[in-house]
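J.: Got a structure for you, questions after.
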Amino acid sequence: MAIAIALLVIVAGSVLFQGLSPWWLTPLASNWGRMDDMMRLTLLVTGVFFVALNLFLALTLWRFRHRERPHAGHVAAYQPDHPRLERGLIVATTLGIAALLVPGLVVYAQYVTPPDDALQVEVLGQQWRWSYRLPGADGRFGRVDARFVSASNPFGLDPADAAGADNRLVPGEELHLPLNRPVRVFLRSNDVLHDFFVPPFRARMNIVPGTVTSFWFTPTKLGRYEVLCAQLCGVGHYGMRGFVVVEPAADFERWRAGLRTFAIAKAAPAPG
């Protein structure tokens with residue numbers, strides 16, 4: 001009986017905490033409000049199952065609790081299966097999983113299918129910093145190869161590839177983006193698994209060594225937003241931070257024009 005009461009208290013406390021909690025998502029700053037919708041849908045579906053199953057368990061514990069004297073209808077009986085109950089559980093579980101997966105798959109398909117006019121940005125993750133690269137006037141990224149990776153060339157740009165000569169390299173860990181323009185992000189890693197995440201954009205994706213992943217989003221609010229690594233990538237994981245500055249298009253163009261190209265960076269003398 002005490003366990004049944006404890007379950008009721010847990011259910012009531014969980015529902016109240018979720019409904020009254022002041023901690024929620026950060027204000028949305030991109031076009032991906034559908035990510036918030038998927039979060040609410042997940043909470044709704046899992047919450048319904050959580051409440052229903054725990055209330056059923058509490059009812060079972062109370063109704064079939066031990067009693068000192070036997071009562072009619074309270075005699076234990078072994079039943080190896082219950083086809084009707086099992087069919088009902090299969091149907092309910094299938095509907096619940098479908099309600100979670102189908103809308104999410106639709107949104108994910110949109111998430112990885114960028115508009116044709118999206119600005120391209122490459123994000124490179126490495127222990128424990130972010131680096132950024134933008135294409136030049138031709139709109140093309142230069143060829144990269146792990147053989148060329150060095151302290152002065154973290155992207156591993158091929159010096160012999162003409163397409164990479166005008167690629168613009170971002171110094172430091174602050175990336176600027178234009179307001180209300182779609183941005184397609186290409187993600188690479190030089191070492192271990194990372195995850196590029198800007199919470200207000202609701203945009204994130206794992207960065208897997210040896211492959212290129214991508215997604216897109218449209219910044220919709222001016223501001224300076226913190227970039228986090230959402231995968232435990234080593235002892236310096238906590239310090240792997242950067243910033244994305246969303247600004248008017250004219251300001252972005254001035255910032256981009258001031259970036260050094262790979263050709264200029266390659267020709268610069270080594271420090272020290």
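FYI, nothing fancy with the structure tokens labels: chains A, B, ... in order, residues from 1 per chain, ligands from 1 as they appear.
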Residues near Leu59 (chain A), anyone? I mean within 10 Å using only C-alpha atoms, not counting same-chain ones fewer than 2 positions away, as a count of residues only.

T.: 15

J.: Tell me, as a ChimeraX atom specification, which residues lie within 10 Å of Ala146 (chain A), counting only C-alpha atoms; anything in the same chain fewer than 3 positions away does not count.

T.: /A:149-150,154-158,190,210

J.: How far is it from CA of Ala230 (chain A) to CA of Pro115 (chain A), in Å with one decimal?

T.: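 Taking CA of Ala230 (chain A) as the start and CA of Pro115 (chain A) as the end point, the length is 25.9 Å.
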
J.: Could you please determine the separation between CA of Leu28 (chain A) and CA of Met205 (chain A) in Å, to one decimal place?

T.: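 So the two atoms, CA of Leu28 (chain A) and CA of Met205 (chain A), lie 17.5 Å apart.
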
J.: Near Ala99 (chain A), within 8 Å and counting only C-alpha atoms, which residues show up once chain neighbours fewer than 4 positions away are dropped, as a PyMOL selection string?

T.: chain A and resi 45+95+103

J.: May I have the residues within 12 Å of Ile207 (chain A) as a PyMOL selection string, using only C-alpha atoms and disregarding those fewer than 3 positions away in the same chain?

T.: chain A and resi 122-126+130+185-197+204+210-215+229-233

J.: Could you write out that same residue set with C-alpha atoms as a PDB file, in the first residue's frame?

T.:
```pdb
ATOM      1  CA  GLU A 122      32.240  24.995 -42.607  1.00  0.00           C
ATOM      2  CA  VAL A 123      32.694  24.252 -38.913  1.00  0.00           C
ATOM      3  CA  LEU A 124      35.754  22.320 -37.813  1.00  0.00           C
ATOM      4  CA  GLY A 125      35.811  20.758 -34.361  1.00  0.00           C
ATOM      5  CA  GLN A 126      39.000  19.744 -32.633  1.00  0.00           C
ATOM      6  CA  TRP A 130      36.066  25.652 -33.104  1.00  0.00           C
ATOM      7  CA  VAL A 185      26.603  24.297 -42.008  1.00  0.00           C
ATOM      8  CA  PHE A 186      29.126  21.628 -42.989  1.00  0.00           C
ATOM      9  CA  LEU A 187      30.709  19.858 -40.026  1.00  0.00           C
ATOM     10  CA  ARG A 188      34.072  18.097 -39.777  1.00  0.00           C
ATOM     11  CA  SER A 189      36.285  16.856 -36.952  1.00  0.00           C
ATOM     12  CA  ASN A 190      40.068  16.572 -36.757  1.00  0.00           C
ATOM     13  CA  ASP A 191      40.104  14.119 -33.873  1.00  0.00           C
ATOM     14  CA  VAL A 192      37.111  12.806 -31.890  1.00  0.00           C
ATOM     15  CA  LEU A 193      33.325  13.050 -31.847  1.00  0.00           C
ATOM     16  CA  HIS A 194      32.052  16.611 -31.287  1.00  0.00           C
ATOM     17  CA  ASP A 195      28.637  18.271 -31.559  1.00  0.00           C
ATOM     18  CA  PHE A 196      28.086  21.838 -32.762  1.00  0.00           C
ATOM     19  CA  PHE A 197      25.180  23.311 -30.773  1.00  0.00           C
ATOM     20  CA  ARG A 204      22.852  20.880 -33.668  1.00  0.00           C
ATOM     21  CA  GLY A 210      36.170  10.887 -41.187  1.00  0.00           C
ATOM     22  CA  THR A 211      32.864  12.163 -42.554  1.00  0.00           C
ATOM     23  CA  VAL A 212      31.030  15.403 -43.300  1.00  0.00           C
ATOM     24  CA  THR A 213      27.625  16.085 -41.767  1.00  0.00           C
ATOM     25  CA  SER A 214      25.418  19.082 -42.457  1.00  0.00           C
ATOM     26  CA  PHE A 215      22.211  20.897 -41.549  1.00  0.00           C
ATOM     27  CA  CYS A 229      30.023  21.206 -27.801  1.00  0.00           C
ATOM     28  CA  ALA A 230      27.224  18.802 -26.903  1.00  0.00           C
ATOM     29  CA  GLN A 231      29.382  15.660 -26.888  1.00  0.00           C
ATOM     30  CA  LEU A 232      31.848  14.737 -24.156  1.00  0.00           C
ATOM     31  CA  CYS A 233      35.046  15.089 -26.193  1.00  0.00           C
TER      32      CYS A 233
END
```

J.: Work out how far CA of Arg181 (chain A) is from CA of Gly104 (chain A), in Å to one decimal.

T.: 24.0 Å

J.: I'd like to know which of A:Met240, A:Ile10, A:Ala263, A:Ala98 is closest to Ala162 (chain A), using only C-alpha atoms.

T.: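 Of A:Met240, A:Ile10, A:Ala263, A:Ala98, the one nearest Ala162 (chain A) is A:Ala263, counting only C-alpha atoms.
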